[in-house]
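*Asks:* As input, take structure_10.pdb (PDB, C-alpha atoms, pLDDT in the B column):
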MODEL        1
ATOM      1  CA  MET A   1     108.514  81.262 109.579  1.00 29.00           C
ATOM      2  CA  ALA A   2     110.646  78.443 110.918  1.00 29.00           C
ATOM      3  CA  THR A   3     112.685  77.721 107.813  1.00 29.00           C
ATOM      4  CA  ARG A   4     116.211  78.456 106.682  1.00 32.00           C
ATOM      5  CA  MET A   5     115.544  80.168 103.408  1.00 33.00           C
ATOM      6  CA  THR A   6     117.261  83.480 103.910  1.00 38.00           C
ATOM      7  CA  GLN A   7     120.682  83.099 102.302  1.00 43.00           C
ATOM      8  CA  ASN A   8     119.948  85.559  99.510  1.00 47.00           C
ATOM      9  CA  LEU A   9     118.003  86.833  96.609  1.00 47.00           C
ATOM     10  CA  GLU A  10     120.753  87.842  94.208  1.00 49.00           C
ATOM     11  CA  PRO A  11     122.355  90.211  93.462  1.00 50.00           C
ATOM     12  CA  ILE A  12     123.605  92.423  96.275  1.00 67.00           C
ATOM     13  CA  ARG A  13     126.130  94.945  95.015  1.00 61.00           C
ATOM     14  CA  PHE A  14     129.100  94.486  97.316  1.00 65.00           C
ATOM     15  CA  ASP A  15     131.459  95.623  94.546  1.00 60.00           C
ATOM     16  CA  ALA A  16     130.417  99.282  95.011  1.00 53.00           C
ATOM     17  CA  THR A  17     129.948  99.855  91.277  1.00 56.00           C
ATOM     18  CA  ALA A  18     126.791 100.905  89.515  1.00 52.00           C
ATOM     19  CA  VAL A  19     125.282 102.014  86.254  1.00 51.00           C
ATOM     20  CA  THR A  20     123.600 105.374  86.656  1.00 53.00           C
ATOM     21  CA  ILE A  21     119.871 105.232  85.935  1.00 53.00           C
ATOM     22  CA  PRO A  22     117.906 108.461  85.407  1.00 51.00           C
ATOM     23  CA  ALA A  23     115.970 109.058  88.596  1.00 52.00           C
ATOM     24  CA  ALA A  24     112.975 110.820  87.071  1.00 48.00           C
ATOM     25  CA  GLY A  25     109.749 109.458  88.436  1.00 52.00           C
ATOM     26  CA  VAL A  26     111.270 108.357  91.731  1.00 60.00           C
ATOM     27  CA  ASP A  27     109.769 109.620  94.987  1.00 65.00           C
ATOM     28  CA  ALA A  28     112.371 112.207  96.044  1.00 60.00           C
ATOM     29  CA  ASP A  29     111.639 111.715  99.748  1.00 88.00           C
ATOM     30  CA  TRP A  30     113.639 108.489 100.070  1.00 94.00           C
ATOM     31  CA  THR A  31     116.568 109.867  98.072  1.00 94.00           C
ATOM     32  CA  THR A  32     117.193 112.326 100.905  1.00 94.00           C
ATOM     33  CA  GLY A  33     117.134 109.573 103.528  1.00 95.00           C
ATOM     34  CA  LEU A  34     115.384 106.284 104.192  1.00 96.00           C
ATOM     35  CA  PRO A  35     112.634 106.122 106.796  1.00 95.00           C
ATOM     36  CA  VAL A  36     112.662 103.674 109.704  1.00 96.00           C
ATOM     37  CA  LEU A  37     110.152 100.901 109.035  1.00 96.00           C
ATOM     38  CA  GLU A  38     108.891  99.276 112.220  1.00 93.00           C
ATOM     39  CA  GLY A  39     107.945  95.595 112.240  1.00 89.00           C
ATOM     40  CA  SER A  40     107.212  92.970 114.846  1.00 86.00           C
ATOM     41  CA  LYS A  41     110.391  92.547 116.919  1.00 90.00           C
ATOM     42  CA  MET A  42     112.541  94.166 114.214  1.00 93.00           C
ATOM     43  CA  MET A  43     112.956  97.267 112.108  1.00 96.00           C
ATOM     44  CA  LEU A  44     114.430  98.325 108.797  1.00 97.00           C
ATOM     45  CA  ARG A  45     116.589 101.431 108.601  1.00 97.00           C
ATOM     46  CA  GLU A  46     119.362 102.838 106.462  1.00 97.00           C
ATOM     47  CA  LEU A  47     122.779 101.264 106.937  1.00 97.00           C
ATOM     48  CA  VAL A  48     125.242 103.347 108.937  1.00 97.00           C
ATOM     49  CA  LYS A  49     129.010 103.142 109.328  1.00 96.00           C
ATOM     50  CA  THR A  50     128.783 101.464 112.734  1.00 96.00           C
ATOM     51  CA  ASP A  51     127.014  98.479 111.128  1.00 97.00           C
ATOM     52  CA  SER A  52     130.254  97.413 109.446  1.00 96.00           C
ATOM     53  CA  LEU A  53     131.489  95.037 112.177  1.00 96.00           C
ATOM     54  CA  SER A  54     128.163  93.274 112.647  1.00 95.00           C
ATOM     55  CA  LEU A  55     127.642  92.874 108.902  1.00 94.00           C
ATOM     56  CA  LEU A  56     131.147  91.488 108.523  1.00 93.00           C
ATOM     57  CA  SER A  57     130.469  88.949 111.268  1.00 92.00           C
ATOM     58  CA  MET A  58     127.018  87.956 109.992  1.00 91.00           C
ATOM     59  CA  LEU A  59     127.502  87.886 106.224  1.00 89.00           C
ATOM     60  CA  SER A  60     130.988  86.393 106.000  1.00 85.00           C
ATOM     61  CA  ALA A  61     129.865  83.109 107.591  1.00 82.00           C
ATOM     62  CA  LYS A  62     130.162  80.228 105.141  1.00 79.00           C
ATOM     63  CA  GLU A  63     126.520  79.225 105.325  1.00 77.00           C
ATOM     64  CA  VAL A  64     125.386  82.781 104.568  1.00 74.00           C
ATOM     65  CA  ALA A  65     127.914  83.535 101.821  1.00 72.00           C
ATOM     66  CA  LYS A  66     127.155  80.271 100.037  1.00 73.00           C
ATOM     67  CA  PHE A  67     124.923  81.793  97.372  1.00 69.00           C
ATOM     68  CA  ILE A  68     125.766  85.515  97.362  1.00 73.00           C
ATOM     69  CA  SER A  69     128.457  87.543  95.658  1.00 76.00           C
ATOM     70  CA  PRO A  70     131.580  87.723  97.843  1.00 77.00           C
ATOM     71  CA  PRO A  71     131.025  90.241 100.672  1.00 85.00           C
ATOM     72  CA  PRO A  72     133.783  92.557 101.898  1.00 89.00           C
ATOM     73  CA  THR A  73     136.376  90.835 104.037  1.00 91.00           C
ATOM     74  CA  THR A  74     137.201  93.734 106.369  1.00 94.00           C
ATOM     75  CA  PRO A  75     135.259  96.329 108.399  1.00 94.00           C
ATOM     76  CA  GLN A  76     136.741  98.991 106.139  1.00 95.00           C
ATOM     77  CA  GLY A  77     135.357  97.157 103.124  1.00 94.00           C
ATOM     78  CA  PHE A  78     131.883  97.215 104.619  1.00 95.00           C
ATOM     79  CA  GLU A  79     132.298 100.895 105.490  1.00 96.00           C
ATOM     80  CA  ARG A  80     133.013 101.610 101.822  1.00 95.00           C
ATOM     81  CA  PHE A  81     129.998  99.526 100.793  1.00 95.00           C
ATOM     82  CA  ILE A  82     127.753 101.407 103.237  1.00 96.00           C
ATOM     83  CA  ALA A  83     129.032 104.766 101.960  1.00 96.00           C
ATOM     84  CA  TRP A  84     128.324 103.593  98.407  1.00 95.00           C
ATOM     85  CA  THR A  85     124.733 102.627  99.279  1.00 96.00           C
ATOM     86  CA  GLN A  86     124.181 106.129 100.646  1.00 96.00           C
ATOM     87  CA  ARG A  87     125.592 107.805  97.528  1.00 96.00           C
ATOM     88  CA  GLU A  88     123.527 105.592  95.252  1.00 95.00           C
ATOM     89  CA  ARG A  89     120.408 106.267  97.309  1.00 96.00           C
ATOM     90  CA  GLU A  90     120.993 110.011  96.960  1.00 95.00           C
ATOM     91  CA  ALA A  91     121.299 109.515  93.187  1.00 94.00           C
ATOM     92  CA  GLY A  92     118.001 107.628  93.117  1.00 94.00           C
ATOM     93  CA  ASN A  93     119.661 104.465  91.779  1.00 94.00           C
ATOM     94  CA  GLN A  94     118.979 102.108  94.700  1.00 95.00           C
ATOM     95  CA  PHE A  95     118.158 101.843  98.360  1.00 96.00           C
ATOM     96  CA  THR A  96     119.467  99.421 100.965  1.00 97.00           C
ATOM     97  CA  PHE A  97     117.820  98.763 104.306  1.00 97.00           C
ATOM     98  CA  GLY A  98     119.652  97.306 107.281  1.00 97.00           C
ATOM     99  CA  ILE A  99     117.727  94.687 109.270  1.00 96.00           C
ATOM    100  CA  VAL A 100     117.876  95.387 113.005  1.00 96.00           C
ATOM    101  CA  PRO A 101     116.242  92.907 115.423  1.00 94.00           C
ATOM    102  CA  GLU A 102     114.567  94.099 118.593  1.00 92.00           C
ATOM    103  CA  GLY A 103     117.193  94.599 121.301  1.00 91.00           C
ATOM    104  CA  CYS A 104     120.037  95.048 118.800  1.00 93.00           C
ATOM    105  CA  ASP A 105     121.802  98.282 117.913  1.00 93.00           C
ATOM    106  CA  HIS A 106     123.388  97.094 114.683  1.00 95.00           C
ATOM    107  CA  ALA A 107     122.166  95.555 111.441  1.00 96.00           C
ATOM    108  CA  VAL A 108     122.406  91.774 111.148  1.00 94.00           C
ATOM    109  CA  GLY A 109     121.441  91.692 107.483  1.00 92.00           C
ATOM    110  CA  LEU A 110     120.322  93.829 104.600  1.00 93.00           C
ATOM    111  CA  VAL A 111     117.877  94.049 101.740  1.00 94.00           C
ATOM    112  CA  GLN A 112     118.620  96.018  98.594  1.00 95.00           C
ATOM    113  CA  VAL A 113     116.482  97.277  95.709  1.00 96.00           C
ATOM    114  CA  ARG A 114     118.236  98.788  92.700  1.00 95.00           C
ATOM    115  CA  ALA A 115     116.949 100.247  89.438  1.00 95.00           C
ATOM    116  CA  ILE A 116     117.818  98.383  86.251  1.00 94.00           C
ATOM    117  CA  ALA A 117     115.698 100.496  83.887  1.00 94.00           C
ATOM    118  CA  PRO A 118     115.096 104.230  83.449  1.00 92.00           C
ATOM    119  CA  ARG A 119     112.683 105.985  85.837  1.00 90.00           C
ATOM    120  CA  PHE A 120     113.040 103.062  88.280  1.00 94.00           C
ATOM    121  CA  SER A 121     110.353 101.265  86.257  1.00 95.00           C
ATOM    122  CA  VAL A 122     112.133  97.918  86.643  1.00 97.00           C
ATOM    123  CA  ALA A 123     114.263  97.048  89.662  1.00 97.00           C
ATOM    124  CA  GLU A 124     116.105  94.068  91.093  1.00 95.00           C
ATOM    125  CA  TRP A 125     116.335  93.090  94.730  1.00 93.00           C
ATOM    126  CA  GLY A 126     118.638  91.020  96.917  1.00 88.00           C
ATOM    127  CA  PHE A 127     118.708  89.942 100.543  1.00 85.00           C
ATOM    128  CA  ALA A 128     121.094  88.462 103.112  1.00 87.00           C
ATOM    129  CA  VAL A 129     120.830  87.912 106.879  1.00 87.00           C
ATOM    130  CA  GLY A 130     123.036  86.335 109.520  1.00 86.00           C
ATOM    131  CA  SER A 131     122.345  82.657 110.225  1.00 82.00           C
ATOM    132  CA  PRO A 132     121.615  83.189 113.969  1.00 86.00           C
ATOM    133  CA  PHE A 133     118.406  84.873 112.792  1.00 86.00           C
ATOM    134  CA  TRP A 134     117.300  82.185 110.357  1.00 82.00           C
ATOM    135  CA  GLY A 135     114.021  80.537 111.217  1.00 79.00           C
ATOM    136  CA  THR A 136     112.684  83.579 113.073  1.00 84.00           C
ATOM    137  CA  GLY A 137     110.273  84.855 110.415  1.00 85.00           C
ATOM    138  CA  MET A 138     112.505  87.874 109.928  1.00 87.00           C
ATOM    139  CA  PHE A 139     112.940  87.255 106.208  1.00 83.00           C
ATOM    140  CA  LEU A 140     109.291  87.356 105.210  1.00 86.00           C
ATOM    141  CA  ALA A 141     108.636  90.337 107.483  1.00 91.00           C
ATOM    142  CA  SER A 142     111.584  92.286 106.045  1.00 92.00           C
ATOM    143  CA  ALA A 143     110.739  91.279 102.482  1.00 90.00           C
ATOM    144  CA  ARG A 144     107.107  92.349 102.766  1.00 91.00           C
ATOM    145  CA  MET A 145     108.025  95.675 104.332  1.00 94.00           C
ATOM    146  CA  THR A 146     110.626  96.358 101.631  1.00 95.00           C
ATOM    147  CA  LEU A 147     108.367  95.345  98.759  1.00 93.00           C
ATOM    148  CA  ASP A 148     105.552  97.467 100.138  1.00 93.00           C
ATOM    149  CA  PHE A 149     107.917 100.433 100.412  1.00 95.00           C
ATOM    150  CA  ALA A 150     109.265  99.917  96.880  1.00 96.00           C
ATOM    151  CA  PHE A 151     105.861  99.684  95.226  1.00 95.00           C
ATOM    152  CA  GLN A 152     104.473 102.657  97.136  1.00 93.00           C
ATOM    153  CA  HIS A 153     107.441 105.046  97.071  1.00 94.00           C
ATOM    154  CA  THR A 154     109.208 104.404  93.769  1.00 94.00           C
ATOM    155  CA  ALA A 155     107.947 104.230  90.206  1.00 93.00           C
ATOM    156  CA  VAL A 156     108.735 100.506  89.983  1.00 96.00           C
ATOM    157  CA  ASN A 157     106.243  98.373  88.066  1.00 97.00           C
ATOM    158  CA  ARG A 158     108.333  95.198  87.890  1.00 97.00           C
ATOM    159  CA  LEU A 159     110.631  93.864  90.581  1.00 96.00           C
ATOM    160  CA  GLU A 160     112.964  90.999  89.702  1.00 96.00           C
ATOM    161  CA  ALA A 161     114.849  88.524  91.853  1.00 94.00           C
ATOM    162  CA  ARG A 162     117.312  85.753  91.103  1.00 92.00           C
ATOM    163  CA  ALA A 163     117.765  82.721  93.319  1.00 88.00           C
ATOM    164  CA  VAL A 164     120.187  79.852  92.817  1.00 88.00           C
ATOM    165  CA  MET A 165     118.410  76.625  91.910  1.00 89.00           C
ATOM    166  CA  GLN A 166     120.181  74.850  94.794  1.00 85.00           C
ATOM    167  CA  ASN A 167     118.465  77.214  97.254  1.00 82.00           C
ATOM    168  CA  PRO A 168     114.961  75.674  97.487  1.00 80.00           C
ATOM    169  CA  ARG A 169     113.956  77.602 100.588  1.00 74.00           C
ATOM    170  CA  GLY A 170     114.818  80.927  98.988  1.00 79.00           C
ATOM    171  CA  ASN A 171     112.811  79.993  95.906  1.00 86.00           C
ATOM    172  CA  GLY A 172     109.951  78.846  98.117  1.00 85.00           C
ATOM    173  CA  ALA A 173     109.981  82.170  99.952  1.00 83.00           C
ATOM    174  CA  LEU A 174     109.700  84.069  96.680  1.00 87.00           C
ATOM    175  CA  ARG A 175     106.719  81.969  95.734  1.00 88.00           C
ATOM    176  CA  LYS A 176     105.097  82.751  99.094  1.00 85.00           C
ATOM    177  CA  LEU A 177     105.609  86.449  98.424  1.00 86.00           C
ATOM    178  CA  GLY A 178     103.580  86.131  95.235  1.00 86.00           C
ATOM    179  CA  ALA A 179     106.514  86.140  92.793  1.00 91.00           C
ATOM    180  CA  VAL A 180     106.144  84.363  89.452  1.00 94.00           C
ATOM    181  CA  GLN A 181     108.866  82.046  88.151  1.00 95.00           C
ATOM    182  CA  GLU A 182     109.739  83.119  84.612  1.00 96.00           C
ATOM    183  CA  GLY A 183     112.644  80.921  83.638  1.00 95.00           C
ATOM    184  CA  VAL A 184     116.111  79.574  84.371  1.00 96.00           C
ATOM    185  CA  LEU A 185     119.211  81.682  83.770  1.00 94.00           C
ATOM    186  CA  ARG A 186     121.778  79.052  82.921  1.00 95.00           C
ATOM    187  CA  GLY A 187     125.274  79.562  84.297  1.00 92.00           C
ATOM    188  CA  SER A 188     124.440  83.103  85.397  1.00 87.00           C
ATOM    189  CA  LEU A 189     126.257  83.178  88.757  1.00 83.00           C
ATOM    190  CA  LEU A 190     129.969  82.468  89.124  1.00 84.00           C
ATOM    191  CA  LYS A 191     130.566  81.205  92.639  1.00 79.00           C
ATOM    192  CA  ASP A 192     133.781  79.608  93.917  1.00 79.00           C
ATOM    193  CA  GLY A 193     134.938  78.894  90.384  1.00 85.00           C
ATOM    194  CA  LYS A 194     131.660  77.250  89.315  1.00 88.00           C
ATOM    195  CA  TYR A 195     128.809  78.623  87.245  1.00 91.00           C
ATOM    196  CA  LEU A 196     125.438  78.141  88.896  1.00 90.00           C
ATOM    197  CA  ASP A 197     121.978  78.305  87.357  1.00 93.00           C
ATOM    198  CA  GLN A 198     119.548  80.849  88.766  1.00 93.00           C
ATOM    199  CA  ILE A 199     115.775  81.035  88.668  1.00 95.00           C
ATOM    200  CA  LEU A 200     114.372  84.380  87.558  1.00 96.00           C
ATOM    201  CA  TRP A 201     111.337  85.586  89.510  1.00 96.00           C
ATOM    202  CA  SER A 202     109.232  88.694  89.056  1.00 96.00           C
ATOM    203  CA  ILE A 203     106.597  90.562  91.009  1.00 95.00           C
ATOM    204  CA  LEU A 204     104.503  93.225  89.287  1.00 96.00           C
ATOM    205  CA  SER A 205     102.966  96.090  91.185  1.00 95.00           C
ATOM    206  CA  HIS A 206      99.403  94.826  90.803  1.00 91.00           C
ATOM    207  CA  ASP A 207     100.546  91.281  91.704  1.00 86.00           C
ATOM    208  CA  TRP A 208     102.038  92.591  94.931  1.00 89.00           C
ATOM    209  CA  PHE A 209      98.998  94.488  96.093  1.00 86.00           C
ATOM    210  CA  GLN A 210      96.802  91.508  95.277  1.00 80.00           C
ATOM    211  CA  ALA A 211      99.089  89.159  97.237  1.00 72.00           C
ATOM    212  CA  LYS A 212      99.300  91.662 100.076  1.00 73.00           C
ATOM    213  CA  SER A 213      95.528  91.760 100.404  1.00 72.00           C
ATOM    214  CA  VAL A 214      95.500  87.963 100.717  1.00 68.00           C
ATOM    215  CA  TRP A 215      98.125  87.608 103.456  1.00 58.00           C
ATOM    216  CA  SER A 216      96.878  90.698 105.260  1.00 61.00           C
ATOM    217  CA  GLY A 217      93.470  89.078 105.426  1.00 60.00           C
ATOM    218  CA  VAL A 218      94.969  85.877 106.790  1.00 53.00           C
ATOM    219  CA  LEU A 219      96.738  87.790 109.563  1.00 50.00           C
ATOM    220  CA  GLN A 220      93.611  89.648 110.637  1.00 48.00           C
TER     221      GLN A 220
ENDMDL
END
Taking this structure as input, can you express it in the form of structure tokens?
*Replies:*
Amino acid sequence: MATRMTQNLEPIRFDATAVTIPAAGVDADWTTGLPVLEGSKMMLRELVKTDSLSLLSMLSAKEVAKFISPPPTTPQGFERFIAWTQREREAGNQFTFGIVPEGCDHAVGLVQVRAIAPRFSVAEWGFAVGSPFWGTGMFLASARMTLDFAFQHTAVNRLEARAVMQNPRGNGALRKLGAVQEGVLRGSLLKDGKYLDQILWSILSHDWFQAKSVWSGVLQ
């Protein structure tokens, strides 16, 4: 998809803090380690320590960080974030995939899904990718693979996303994924000293599988 809509779907937890959610009902397989999901000219896999330099380079760029919570500013900061994602995955609270393009060894972006209700029944997701990979179709491919994984391998029924109103391409991408706009969260994101409004989107499990059947049919 040749559009620049991939800045983020808030929030991504760079602050390495979390509220523990009971993991009952979650598929235990992914809590012991994320699988590698193969896509066209890219793959999703768990973040590893050696991704820290590439993530620092990709996600600290001004155009990428414009609408996301402040990322770590050092490789060591990203190493701590990566270690946190692994601990939280083991606890069944969230999972974070690294986005690795074909021909690359390191992640150039990430997508995160975290529980916000008991039994992982409701979750929230966020996304960020380096600007050199904007306009490649990588966002929709990664998003579809992640959503498919979430709805098949966790107990999630409702998946929420927030996107800043000033990010029309991100909001457009959510619409293309079959998300439903539910309302505006006024002043819900503090960014560079200013409070920004966010649009709240949701995808329900049955919505996703219905949307998936539509775009799968188009691709056949």
*Asks:* Pick from A:Ala83, A:Leu204, A:Ala179, A:Leu59: nearest to Phe127 (chain A), with only C-alpha atoms counted?
*Replies:*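 Distance minimum relative to Phe127 (chain A) lands on A:Leu59.
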*Asks:* Could you state which residues are captured by the PyMOL selection byres ((chain A and resi 42-52) around 6) in this file, as a PDB file with C-alpha atoms, in the frame of the given file?
*Replies:*
ATOM      1  CA  LEU A  34     115.384 106.284 104.192  1.00 96.00           C
ATOM      2  CA  VAL A  36     112.662 103.674 109.704  1.00 96.00           C
ATOM      3  CA  LEU A  37     110.152 100.901 109.035  1.00 96.00           C
ATOM      4  CA  GLU A  38     108.891  99.276 112.220  1.00 93.00           C
ATOM      5  CA  GLY A  39     107.945  95.595 112.240  1.00 89.00           C
ATOM      6  CA  SER A  40     107.212  92.970 114.846  1.00 86.00           C
ATOM      7  CA  LYS A  41     110.391  92.547 116.919  1.00 90.00           C
ATOM      8  CA  LEU A  53     131.489  95.037 112.177  1.00 96.00           C
ATOM      9  CA  SER A  54     128.163  93.274 112.647  1.00 95.00           C
ATOM     10  CA  LEU A  55     127.642  92.874 108.902  1.00 94.00           C
ATOM     11  CA  PRO A  75     135.259  96.329 108.399  1.00 94.00           C
ATOM     12  CA  PHE A  78     131.883  97.215 104.619  1.00 95.00           C
ATOM     13  CA  GLU A  79     132.298 100.895 105.490  1.00 96.00           C
ATOM     14  CA  PHE A  97     117.820  98.763 104.306  1.00 97.00           C
ATOM     15  CA  GLY A  98     119.652  97.306 107.281  1.00 97.00           C
ATOM     16  CA  ILE A  99     117.727  94.687 109.270  1.00 96.00           C
ATOM     17  CA  VAL A 100     117.876  95.387 113.005  1.00 96.00           C
ATOM     18  CA  PRO A 101     116.242  92.907 115.423  1.00 94.00           C
ATOM     19  CA  GLU A 102     114.567  94.099 118.593  1.00 92.00           C
ATOM     20  CA  HIS A 106     123.388  97.094 114.683  1.00 95.00           C
ATOM     21  CA  ALA A 107     122.166  95.555 111.441  1.00 96.00           C
TER      22      ALA A 107
END
*Asks:* Quick check on the file I pasted: which residues fall under the PyMOL selection byres ((chain A and resi 198) around 6)? Write them as a list of chain:residue names.
*Replies:*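 With the shown file as input, the PyMOL selection byres ((chain A and resi 198) around 6) matches A:Arg162, A:Ala163, A:Val164, A:Met165, A:Val184, A:Leu185, A:Asp197, A:Ile199.
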*Asks:* Extract, using all atoms listed in the file, all DNA, RNA and protein residues at most 7 Å from Arg158 (chain A), discarding same-chain residues fewer than 2 positions from it, and format them as a list in words.
*Replies:*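 The contact residues come out as Ser121, Val122, Ala123, Val156, Glu160, Ser202, Ile203, Leu204 and Ser205 of chain A.
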*Asks:* Using all atoms listed in the file, which of A:Leu189, A:Ala141, A:Leu147, A:Val113 sits nearest Lys66 (chain A)?
*Replies:* A:Leu189
*Asks:* So that I can check the surroundings of Arg175 (chain A), please list as a ChimeraX atom specification every protein, DNA and RNA residue that reaches within 12 Å of it, counting all atoms listed in the file and ignoring chain neighbours fewer than 4 positions away.
*Replies:* /A:5,140,161,163,168-171,179-182,199-203,207-208,211
*Asks:* Could you turn the residues from that selection into a file that holds C-alpha atoms, as a PDB file, in the coordinates of the input?
*Replies:*
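As written to disk, part05.pdb reads:
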ATOM      1  CA  MET A   5     115.544  80.168 103.408  1.00 33.00           C
ATOM      2  CA  LEU A 140     109.291  87.356 105.210  1.00 86.00           C
ATOM      3  CA  ALA A 161     114.849  88.524  91.853  1.00 94.00           C
ATOM      4  CA  ALA A 163     117.765  82.721  93.319  1.00 88.00           C
ATOM      5  CA  PRO A 168     114.961  75.674  97.487  1.00 80.00           C
ATOM      6  CA  ARG A 169     113.956  77.602 100.588  1.00 74.00           C
ATOM      7  CA  GLY A 170     114.818  80.927  98.988  1.00 79.00           C
ATOM      8  CA  ASN A 171     112.811  79.993  95.906  1.00 86.00           C
ATOM      9  CA  ALA A 179     106.514  86.140  92.793  1.00 91.00           C
ATOM     10  CA  VAL A 180     106.144  84.363  89.452  1.00 94.00           C
ATOM     11  CA  GLN A 181     108.866  82.046  88.151  1.00 95.00           C
ATOM     12  CA  GLU A 182     109.739  83.119  84.612  1.00 96.00           C
ATOM     13  CA  ILE A 199     115.775  81.035  88.668  1.00 95.00           C
ATOM     14  CA  LEU A 200     114.372  84.380  87.558  1.00 96.00           C
ATOM     15  CA  TRP A 201     111.337  85.586  89.510  1.00 96.00           C
ATOM     16  CA  SER A 202     109.232  88.694  89.056  1.00 96.00           C
ATOM     17  CA  ILE A 203     106.597  90.562  91.009  1.00 95.00           C
ATOM     18  CA  ASP A 207     100.546  91.281  91.704  1.00 86.00           C
ATOM     19  CA  TRP A 208     102.038  92.591  94.931  1.00 89.00           C
ATOM     20  CA  ALA A 211      99.089  89.159  97.237  1.00 72.00           C
TER      21      ALA A 211
END
*Asks:* Using all atoms listed in the file, can you tell me which of A:Ala115, A:Met58, A:Ala65, A:Leu110 comes closest to Ile82 (chain A)?
*Replies:*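 Once distances to Ile82 (chain A) are computed over all atoms listed in the file, the minimum belongs to A:Leu110.
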*Asks:* Could you please determine the separation between CA of Pro72 (chain A) and CA of Gln112 (chain A) in Å, to one decimal place?
*Replies:*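 According to the coordinates, CA of Pro72 (chain A) and CA of Gln112 (chain A) are separated by 15.9 Å.
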*Asks:* So, with only C-alpha atoms as the atoms that count, which of A:Ala117, A:Ile68, A:Ala61, A:Leu159 lies closest to Leu190 (chain A)?
*Replies:*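 So, comparing all the options, the nearest one is A:Ile68.
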*Asks:* For each of A:Thr136, A:Leu177, A:Leu56, A:Trp84, take the minimum atom-to-atom distance to Pro70 (chain A), counting all atoms listed in the file, then give the residue where this is smallest.
*Replies:*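 Using all atoms listed in the file, the shortest distance to Pro70 (chain A) belongs to A:Leu56.
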